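So the structure is just underneath, and the comments pick up after that.
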Amino acid sequence: MTYVDMCTTAVERPAPEGATHVRRRLVAGLGTLVVILLIAAVVSLAVGARALSPAEVWRGLFAVPDSDQRLTEIRLIVRTVRLPRTVLAIVAGTALGVGGALIQGYTRNPIADTGLLGVNSGASFAVVSVIAVFGFANPFQYVWFAFAGAALAGVVVFGLASIGRGAGNPLTLALAGQGITVFLMAMTTAVALSDQDSLNALRFWNAGSVAGVGFDVIGPVTAFIAVGLVPALIALPALNLLNLGADVARGLGVNIALSRTIGIVAITLLAGAATAACGPIAFLGLMVAHIARYLTGPDYRWLVPYAGLLGAVVLLVCDMVGRVVVRPGELDAGVVVALIGAPFFAVLVWRGKFKNA
Amino acid sequence: MTSSVAPGVRLGRVSFVWRPWLVLVTLLLTAATFLVFCLSISVGDFPVGLSRVIATILGRGERVDEFVVMDLRMPRALAGLVVGIALGMSGAITQSVARNPLASPDILGITGGASAVAVFLVTVSGGTAAAVAGSVGLPAAALAGGLGTGLLVYFLAWRRGIEGFRLILIGISVSAVMQAITTWLLVSADIRDVARAQAWLVGSLDDRSWDEVRVAFWCTVVLMAVVAGVAFQFKPMHLGDDIAAGLGVRYSRVRAVLLLCAVLLAAGAVSAAGPVPFVALVAPQVAMRLAKYPTPPMLASGLVGALLLIGADLVARTALPITLPVGVVTAAIGGPFLVCLLVRANLR
C-alpha cells in the first residue's frame, strides 16, 4: 500500500461513512418516535372510563352525526373529552420537552428545569391573585394571567441572572430562579390562605392536568407554542457553539447576547404557554432532555427535536396511566409525570448516565 | 508571606487556625441573636420590658413576668431559636458536603418527605392514619417522614461512595415524588383539611408548647455536639475527596455522619415548625459572606438562621396588618435578599 493510498482511505472513506451512519440512525430514531407518538395518540383516544375500539374512535372522529344513540355518545366522548386532552398533551408535552432541552442548553446546567426558572411559580401566583381579586372561576378567564405570570417570572429571573459579571453563569441563574420561586410560592400561599376560593382552585391547578381544557384555550396556547418553536429551532446551531463556551462561540462569530435573548424568548413562550394551559408540570422537561441527550449525543440540532417528541409521548402516556390506575377516579398527569419520571430519572442518575457539566 | 497566611495555634493535640474576624462575627451574631430572642419575648399583647425579660430568664424576675415570659412566650421564642439554628446548620452541612450552594435540605427531599407524611395525617381522616396521628402526634410523624426520606436519598445516591452531584439529582427526584404525593393528597382531600395542611406546609411558630420544643431542643443540642466533634475534618473535604483522603480525612465516614446529622437537624426543625422555607438555603450563604470565609461556617450559619427566623416571626406578629405564618415572611425577606446578594456579587 502506497502513501497516497493510505491518505485516500483515511480521508475519503471512513469519516463520511461514519457520519452518514450516525445521521441515518438519528433519522430512524426520529421516525420511530413519530410512529410511537401516533400510536399513543390513538390509544389515548380509546382509553378511559369508557373503553373504545379503534374502529369506534375512527367513527367518533369522522362519522357524520345521525340518529344512532350509540354513535352520538361515542362522538361526544371522543370529540369533547378525549380529543382536547390528547391534543393538549401532545402540544404541551412538545413545548415542555423542547423548553427543557433549551433551558439546559442555554444555562449549560444539567439540572435546569422550567420549575427552576420560576416559570411555574409565576403562573401559580398570577392565577391565585386574579382568583382572589376578581373572583374568576373559569380557567379561560385566568389562563391569560397564568401566561403573563409565567412569562414575567421567567424574564425577571433571566434578567437578574444576566446583570453584570455573572451573565450566563449557570449557578447564578439557578440561584436567581430559586430565590424568585421561593418568594412567589410564599406569596401564593399567603393569598391562598386568606381566600378559600383561590385555595381550592390552586390545589387543582397545581396538580398539572391536561383534562378539562377546551379548544377555546388550546387554540391560542398552541399558537403561542408554535411562535416559540420557530426562534428555538433557528437558534439551534448557535446553541451548539454556545456550549463550547462563551469565548469560543464569540470567536466563531456568534452574537452571544442576541442568541441568548432568542433563547429566553423561546423558553418563556414555550414553558409559559404550556404552564398556563395545564398548570405546573415539573420535571418533564428535565427528564426528557436528559433522555434525548442520552439518545442523540450533545448535538442540539438533533437533541431538541427528540426532546420535543419524547415530551409529547411521555405526557400522553402519563395522562393515560392516570386515567386507568385509580379508577373510578383519575390521577392528574402532572402527578403521574413526577411519580413515573422521578424514579426513572433516579435510576439513570445512579447508573452514572449524567456527568457533572 | 506572614501577612497573607492566618497564624496556626497548637494546644496539645489540637491545632486550629486563628481567625479573629470569624470569631468576632460569631460573637456579634450570638449577641444579636440573644437580643432578638429577648425582644421576641418582650413584644406582645402584654409588653414586658427588655431588662425584665433578661432578669426573668436569669431567674430573678417577678411572678407575673415569670408566667408571661416562661410559660406563654418562651416556647415560641425557643422554637424559633432552635429551629433556626437547626435549619442553618443543616443547610451549611448539606451545602458543604454537596459542594453546591443550592443543596439545601429542601432540595434534598428532607422537608418534602416530612411534608408528605404530615399532609397525609392531616387529610386522611379515620382508620389507621387517625390512630397514628392521635398516638404519636404530627411532629413525631413528620420527623420520621423527614428522616426516612433523607436516608432513602442517601442510600439511593450511594454508589461506591457519595458524590455531591449525584446526591443533588437523587434528592431532586425524591423531592419531586414527595411533592407529587402531597399534591395528590391535597387534590383528593376535603377543603377544610386542605386549609389546615396548607397552613402547616408554609411553616409556622404559632401555638408552640414546651412539649414540642423540648424534643427539637435536645435533638439540636446533641447534634450540635456531634457536628462540633467532626467539624475539624470538614475543611479539607472542600478540596475534593482525593486531597481530603491525602490529608487523613476518612471522608466517607465523616460525610455519612455529617449528612445524618444534617438530615436529623432538618427533620427535627420541620417537625417543630413545618417546612419553613429559605432559612436553610440562605443562612449559610449569608454567614459565609459576613464571615468572609470560603465555606459555610457551622456555628455562624446556625446563628444567622436563628436570627432570620426569630426576626421574621417578630415581623409576622407585629409589623403586618394580618397575622401570617412565619414561613411567608422568611420567604418574603429571603427571596429578594438572595437576589440582592447575587446582583451585588455580579456587579463587583
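Residue numbers start at 1 in each chain; chains themselves are named A, B, ... in the order of the C-alpha cells; ligands are numbered from 1 in the order shown.
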Legend entry - Neighbours of chain A in chain B at 9 Å, counting only C-alpha atoms, as a PyMOL selection string: chain B and resi 100-102+156-159+165-166+169-181+183-184+186-187+191+194-195+198-199+202+277-278+324-325+327-339+342-343+345-348
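Counting only C-alpha atoms, Asp45 of chain B has the following residues at most 12 Å away, ignoring those fewer than 3 positions along the same chain: B:Ser40, B:Ile41, B:Ser42, B:Val48, B:Val68, B:Leu72, B:Arg73, B:Arg317, B:Thr318.
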What does the file look like for those residues with N, CA and C atoms, as a tab-separated table (two decimals), in the first residue's frame?
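The result, stored in result-v6.tsv:
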chain	number	residue	atom	x	y	z
B	40	SER	N	-38.23	39.25	71.09
B	40	SER	CA	-39.37	38.44	70.68
B	40	SER	C	-40.23	38.10	71.90
B	41	ILE	N	-39.57	37.90	73.06
B	41	ILE	CA	-40.34	37.60	74.27
B	41	ILE	C	-41.01	38.85	74.82
B	42	SER	N	-40.33	39.97	74.70
B	42	SER	CA	-40.85	41.18	75.34
B	42	SER	C	-42.04	41.77	74.59
B	48	VAL	N	-43.49	43.26	78.01
B	48	VAL	CA	-42.58	43.15	79.15
B	48	VAL	C	-41.27	43.80	78.72
B	68	VAL	N	-45.70	35.15	82.14
B	68	VAL	CA	-45.78	35.59	80.73
B	68	VAL	C	-44.54	35.13	79.97
B	72	LEU	N	-45.78	31.53	78.58
B	72	LEU	CA	-46.51	31.92	77.38
B	72	LEU	C	-45.61	32.13	76.17
B	73	ARG	N	-44.51	32.87	76.37
B	73	ARG	CA	-43.76	33.31	75.19
B	73	ARG	C	-42.48	32.54	74.95
B	317	ARG	N	-45.65	38.79	63.51
B	317	ARG	CA	-46.59	39.01	64.60
B	317	ARG	C	-46.97	40.47	64.76
B	318	THR	N	-46.01	41.34	64.54
B	318	THR	CA	-46.24	42.72	64.96
B	318	THR	C	-46.39	43.71	63.81
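Note that atom CA of Gly279 of chain A and atom CA of Val210 of chain A are 8.4 Å apart.
When the distance limit is 8 Å and only C-alpha atoms are what count, the residues near Val36 of chain B, minus those fewer than 2 positions from it on the same chain, are Ala32, Thr33, Phe34, Cys38, Leu39, Ser40, Leu307, Ile310 and Gly311 of chain B.
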Legend entry - Surrounding residues of Tyr293 of chain B excluding itself and chain neighbours under 3 positions, 12 Å, only C-alpha atoms, as a PyMOL selection string: chain B and resi 19-23+25-26+235+284-290+296-298+300-301
